[in-house]
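J.: So I've got this file, model38.pdb, and it contains PDB, C-alpha atoms:
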MODEL        1
ATOM      1  CA  MET A   5      37.386  55.924  -4.681
ATOM      2  CA  ARG A   6      35.377  52.942  -3.448
ATOM      3  CA  THR A   7      36.190  49.521  -4.769
ATOM      4  CA  ASP A   8      33.811  46.609  -5.153
ATOM      5  CA  MET A   9      35.363  45.142  -2.000
ATOM      6  CA  ASP A  10      34.122  48.161  -0.005
ATOM      7  CA  ARG A  11      30.500  47.705  -1.063
ATOM      8  CA  GLN A  12      28.023  45.634   0.872
ATOM      9  CA  ILE A  13      26.323  42.814  -1.021
ATOM     10  CA  ILE A  14      22.526  42.813  -1.009
ATOM     11  CA  GLY A  15      19.932  40.577  -2.623
ATOM     12  CA  ILE A  16      17.055  41.375  -4.952
ATOM     13  CA  ILE A  17      14.685  41.504  -1.982
ATOM     14  CA  GLU A  18      15.739  43.456   1.108
ATOM     15  CA  ASN A  19      13.857  44.774   4.109
ATOM     16  CA  VAL A  20      13.881  48.564   4.095
ATOM     17  CA  SER A  21      13.033  50.986   6.903
ATOM     18  CA  ILE A  22      12.023  54.628   6.640
ATOM     19  CA  GLY A  23      12.772  55.923  10.105
ATOM     20  CA  GLU A  24      10.179  54.736  12.610
ATOM     21  CA  ARG A  25       7.256  55.223  10.218
ATOM     22  CA  ALA A  26       7.842  52.085   8.180
ATOM     23  CA  VAL A  27      10.096  49.365   9.552
ATOM     24  CA  ASP A  28      11.293  46.233   7.756
ATOM     25  CA  VAL A  29       9.185  46.617   4.624
ATOM     26  CA  PRO A  30      10.162  44.067   1.936
ATOM     27  CA  ALA A  31      11.470  46.004  -1.071
ATOM     28  CA  LYS A  32      12.505  44.914  -4.526
ATOM     29  CA  ILE A  33      16.000  45.933  -5.573
ATOM     30  CA  ASP A  34      15.693  46.539  -9.314
ATOM     31  CA  THR A  35      18.912  47.348 -11.160
ATOM     32  CA  GLY A  36      16.862  47.627 -14.352
ATOM     33  CA  ALA A  37      14.885  50.547 -12.931
ATOM     34  CA  ASP A  38      16.536  53.940 -13.007
ATOM     35  CA  SER A  39      14.536  55.472 -10.169
ATOM     36  CA  SER A  40      12.982  54.335  -6.908
ATOM     37  CA  ALA A  41       9.297  54.316  -6.038
ATOM     38  CA  ILE A  42       7.126  53.904  -2.973
ATOM     39  CA  TRP A  43       3.415  53.347  -2.479
ATOM     40  CA  ALA A  44       1.833  56.592  -1.346
ATOM     41  CA  SER A  45      -1.821  57.544  -0.936
ATOM     42  CA  ASN A  46      -3.811  60.704  -0.249
ATOM     43  CA  ILE A  47      -1.343  62.633  -2.427
ATOM     44  CA  HIS A  48      -2.166  66.305  -2.896
ATOM     45  CA  VAL A  49      -0.642  69.769  -2.870
ATOM     46  CA  GLY A  50      -2.180  72.183  -0.382
ATOM     47  CA  ARG A  51      -2.841  75.884  -0.892
ATOM     48  CA  ASP A  52       0.438  76.545   0.931
ATOM     49  CA  GLY A  53       2.279  74.774  -1.913
ATOM     50  CA  HIS A  54       3.378  71.828   0.239
ATOM     51  CA  LEU A  55       3.040  68.235  -0.907
ATOM     52  CA  ARG A  56       1.065  66.038   1.485
ATOM     53  CA  PHE A  57       0.772  62.250   1.397
ATOM     54  CA  SER A  58       0.631  59.097   3.472
ATOM     55  CA  LEU A  59       2.926  56.152   3.007
ATOM     56  CA  PHE A  60       1.154  53.029   1.783
ATOM     57  CA  GLY A  61      -2.639  52.919   1.911
ATOM     58  CA  GLU A  62      -5.565  51.621   3.899
ATOM     59  CA  GLY A  63      -5.485  47.870   4.067
ATOM     60  CA  SER A  64      -1.689  47.743   4.198
ATOM     61  CA  SER A  65      -0.141  46.534   7.447
ATOM     62  CA  TYR A  66       2.424  49.345   7.022
ATOM     63  CA  TYR A  67      -0.190  52.115   6.729
ATOM     64  CA  ASN A  68      -0.562  54.300   9.799
ATOM     65  CA  GLY A  69      -2.449  57.271   8.334
ATOM     66  CA  LYS A  70       0.223  59.793   9.280
ATOM     67  CA  ILE A  71       0.624  62.612   6.795
ATOM     68  CA  PHE A  72       3.995  63.628   5.422
ATOM     69  CA  LYS A  73       4.315  67.315   4.513
ATOM     70  CA  ARG A  74       7.098  68.334   2.145
ATOM     71  CA  ALA A  75       8.147  71.666   0.689
ATOM     72  CA  ASP A  76      11.036  69.898  -1.065
ATOM     73  CA  PHE A  77       9.462  67.948  -3.943
ATOM     74  CA  SER A  78       9.408  67.790  -7.713
ATOM     75  CA  VAL A  79       7.519  66.063 -10.507
ATOM     76  CA  ALA A  80       8.534  63.644 -13.213
ATOM     77  CA  LYS A  81       6.932  62.167 -16.295
ATOM     78  CA  VAL A  82       7.133  58.426 -15.786
ATOM     79  CA  LYS A  83       6.300  55.702 -18.278
ATOM     80  CA  SER A  84       4.741  52.864 -16.306
ATOM     81  CA  SER A  85       5.128  49.173 -17.066
ATOM     82  CA  ASN A  86       1.769  49.185 -18.877
ATOM     83  CA  GLY A  87       3.079  51.819 -21.294
ATOM     84  CA  GLN A  88       1.111  54.790 -19.976
ATOM     85  CA  THR A  89       2.864  58.048 -19.189
ATOM     86  CA  GLU A  90       1.924  59.668 -15.886
ATOM     87  CA  ILE A  91       2.989  62.705 -13.918
ATOM     88  CA  ARG A  92       4.264  61.653 -10.493
ATOM     89  CA  TYR A  93       5.406  63.639  -7.523
ATOM     90  CA  ARG A  94       8.752  62.709  -6.067
ATOM     91  CA  THR A  95      10.614  63.520  -2.900
ATOM     92  CA  HIS A  96      13.667  62.406  -0.949
ATOM     93  CA  PHE A  97      13.670  59.798   1.797
ATOM     94  CA  THR A  98      16.449  58.454   3.931
ATOM     95  CA  VAL A  99      16.003  54.707   3.987
ATOM     96  CA  THR A 100      17.896  51.979   5.773
ATOM     97  CA  ILE A 101      18.930  49.093   3.538
ATOM     98  CA  ALA A 102      20.901  46.211   5.068
ATOM     99  CA  GLY A 103      21.728  48.382   8.085
ATOM    100  CA  LYS A 104      23.040  51.282   5.981
ATOM    101  CA  LYS A 105      21.285  54.666   5.716
ATOM    102  CA  VAL A 106      20.909  55.864   2.136
ATOM    103  CA  ARG A 107      19.235  59.002   0.826
ATOM    104  CA  GLY A 108      17.283  58.585  -2.391
ATOM    105  CA  LEU A 109      14.704  60.273  -4.585
ATOM    106  CA  PHE A 110      11.419  58.323  -4.687
ATOM    107  CA  ASN A 111       8.458  58.570  -7.040
ATOM    108  CA  LEU A 112       5.173  58.522  -5.125
ATOM    109  CA  SER A 113       2.736  56.153  -6.807
ATOM    110  CA  ASP A 114      -0.040  53.666  -6.222
ATOM    111  CA  ARG A 115       1.845  50.397  -5.799
ATOM    112  CA  SER A 116      -1.073  48.694  -4.053
ATOM    113  CA  HIS A 117      -1.243  46.024  -6.766
ATOM    114  CA  ASN A 118       2.507  45.432  -6.831
ATOM    115  CA  ARG A 119       3.969  42.574  -4.821
ATOM    116  CA  TYR A 120       6.590  44.903  -3.361
ATOM    117  CA  LYS A 121       5.359  48.286  -2.141
ATOM    118  CA  ILE A 122       8.857  49.791  -2.382
ATOM    119  CA  LEU A 123      11.103  49.573  -5.414
ATOM    120  CA  ILE A 124      14.750  50.585  -5.083
ATOM    121  CA  GLY A 125      16.285  51.620  -8.409
ATOM    122  CA  ARG A 126      19.900  51.849  -9.409
ATOM    123  CA  ARG A 127      20.324  55.580  -8.701
ATOM    124  CA  THR A 128      19.618  54.949  -5.022
ATOM    125  CA  ILE A 129      22.064  52.050  -4.654
ATOM    126  CA  SER A 130      24.734  53.044  -7.170
ATOM    127  CA  GLY A 131      28.207  53.108  -5.614
ATOM    128  CA  LYS A 132      26.853  51.877  -2.273
ATOM    129  CA  PHE A 133      25.919  48.231  -2.792
ATOM    130  CA  LEU A 134      26.539  45.271  -5.049
ATOM    131  CA  VAL A 135      23.468  43.221  -5.938
ATOM    132  CA  ASP A 136      23.680  39.427  -5.917
ATOM    133  CA  VAL A 137      20.638  38.293  -7.911
ATOM    134  CA  SER A 138      20.859  34.797  -6.399
ATOM    135  CA  ARG A 139      20.072  36.282  -2.980
ATOM    136  CA  GLY A 140      16.574  37.256  -1.926
ATOM    137  CA  SER A 141      14.755  36.268   1.233
ATOM    138  CA  GLU A 142      11.308  36.083  -0.392
ATOM    139  CA  ARG A 143      12.327  35.160  -3.886
ATOM    140  CA  MET A 144      10.038  32.650  -5.562
ATOM    141  CA  SER A 145      11.334  30.640  -8.487
ATOM    142  CA  ALA A 146       9.447  30.706 -11.784
ATOM    143  CA  GLY A 147       8.602  27.027 -11.252
ATOM    144  CA  ALA A 148       7.110  27.708  -7.820
ATOM    145  CA  GLN A 149       5.106  30.626  -9.230
ATOM    146  CA  THR A 150       3.736  28.440 -12.031
ATOM    147  CA  LYS A 151       2.836  25.671  -9.570
ATOM    148  CA  ARG A 152       0.972  28.158  -7.354
ATOM    149  CA  LEU A 153      -0.898  29.568 -10.368
ATOM    150  CA  ARG A 154      -1.892  26.074 -11.512
ATOM    151  CA  GLN A 155      -3.215  25.295  -8.041
ATOM    152  CA  GLU A 156      -5.292  28.483  -8.035
ATOM    153  CA  LEU A 157      -6.635  27.678 -11.504
ATOM    154  CA  GLN A 158      -7.690  24.177 -10.438
ATOM    155  CA  LYS A 159      -9.310  25.468  -7.252
ATOM    156  CA  ASP A 160     -11.598  28.013  -8.966
ATOM    157  CA  PRO A 161     -11.128  28.644 -12.718
ATOM    158  CA  TYR A 162     -13.693  31.473 -12.783
ATOM    159  CA  GLN A 163     -12.055  33.384  -9.917
ATOM    160  CA  PHE A 164      -8.618  32.767 -11.439
ATOM    161  CA  HIS A 165      -9.741  34.314 -14.738
ATOM    162  CA  LYS A 166     -11.273  37.261 -12.910
ATOM    163  CA  ASP A 167      -8.159  37.857 -10.783
ATOM    164  CA  TYR A 168      -5.400  37.306 -13.325
ATOM    165  CA  VAL A 169      -6.507  37.208 -16.938
ATOM    166  CA  ASN A 170      -9.145  39.834 -17.449
ATOM    167  CA  LYS A 171      -9.522  42.093 -14.417
ATOM    168  CA  LYS A 172     -11.371  44.739 -16.432
ATOM    169  CA  GLU A 173     -13.965  42.376 -17.929
ATOM    170  CA  ALA A 174     -17.426  42.871 -16.471
ATOM    171  CA  VAL A 175     -18.742  39.977 -14.466
ATOM    172  CA  SER A 176     -21.603  38.274 -16.321
TER
ENDMDL
END
In structure tokens, write the structure found in this file.
T.:
Amino acid sequence: MRTDMDRQIIGIIENVSIGERAVDVPAKIDTGADSSAIWASNIHVGRDGHLRFSLFGEGSSYYNGKIFKRADFSVAKVKSSNGQTEIRYRTHFTVTIAGKKVRGLFNLSDRSHNRYKILIGRRTISGKFLVDVSRGSERMSAGAQTKRLRQELQKDPYQFHKDYVNKKEAVS
């Protein structure tokens, strides 16, 4: 049985690699999330019954357009942060976190609007790592976030409102 002393300590933000296809992608380690998720695009099931998708999407520096083809996949009903329930495909990936290869089940979803395109949930890291919430290479304090938002508001209040407050409101 592994003890806490045997587990590597990681922060809330870690660079993750998925083989050679995606190297050093900043990922959020979220112990509050049960499952893991990754930004995928062009998701569809072909007539042969295989799931096909690309990692990330156009406009992402990690997107290379290569298509993954998987016979080993499943679906899950997932309640998103906005309260909507969606059906998402999921499949296994072997990812490298802090130099250690870990196999995990990932939901494929559009994370284009999320700050971190990969989310690592507790099932993926359980028994393998300890998370130190004070560590995180790209972590921004709440005060720094508020300061940045205030600066954006002062620069262009109309654009700020459009970008943050009411994205769905039609431009008048």
J.: Which is closest to Asp28 (chain A) among A:Ser40, A:Gln12, A:Thr100, A:Thr89, if we use all atoms listed in the file?
T.: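 That would be A:Thr100, the residue with the smallest distance to Asp28 (chain A).
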J.: Can you build me a table of region 104-170 of chain A residues sitting at most 12 Å from region 64-69 of chain A, with the closest atom pair per residue and its distance in Å to one decimal, using only C-alpha atoms, sorted by chain and residue number, as JSON lines?
T.:
{"residue": "A:Arg115", "atom": "CA", "partner": "A:Ser64", "partner_atom": "CA", "distance": 10.9}
{"residue": "A:Ser116", "atom": "CA", "partner": "A:Ser64", "partner_atom": "CA", "distance": 8.3}
{"residue": "A:His117", "atom": "CA", "partner": "A:Ser64", "partner_atom": "CA", "distance": 11.1}
{"residue": "A:Arg119", "atom": "CA", "partner": "A:Ser64", "partner_atom": "CA", "distance": 11.8}
{"residue": "A:Tyr120", "atom": "CA", "partner": "A:Ser64", "partner_atom": "CA", "distance": 11.6}
{"residue": "A:Lys121", "atom": "CA", "partner": "A:Ser64", "partner_atom": "CA", "distance": 9.5}
{"residue": "A:Ile122", "atom": "CA", "partner": "A:Tyr66", "partner_atom": "CA", "distance": 11.4}
J.: Can you give me, as an MDAnalysis selection string, the residues this file yields under the PyMOL selection byres ((chain A and resi 41) around 9)?
T.: chainID A and resid 39:40 42:43 94 109:113 115 121:125
J.: CA of Ser138 (chain A) and CA of Arg126 (chain A), how far apart in Å?
T.: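 Here the two named atoms are 17.3 Å from each other.
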J.: I'd like to know which of A:Val135, A:Leu153, A:Val169, A:Ala37 is closest to Ala102 (chain A), using only C-alpha atoms.
T.: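 The closest residue to Ala102 (chain A) is A:Val135.
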J.: Which is closer to Phe57 (chain A) than all the others in A:Tyr93, A:Arg154, A:Lys83, A:Asp10, using only C-alpha atoms?
T.: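 Among A:Tyr93, A:Arg154, A:Lys83, A:Asp10, it is A:Tyr93 that comes nearest to Phe57 (chain A).
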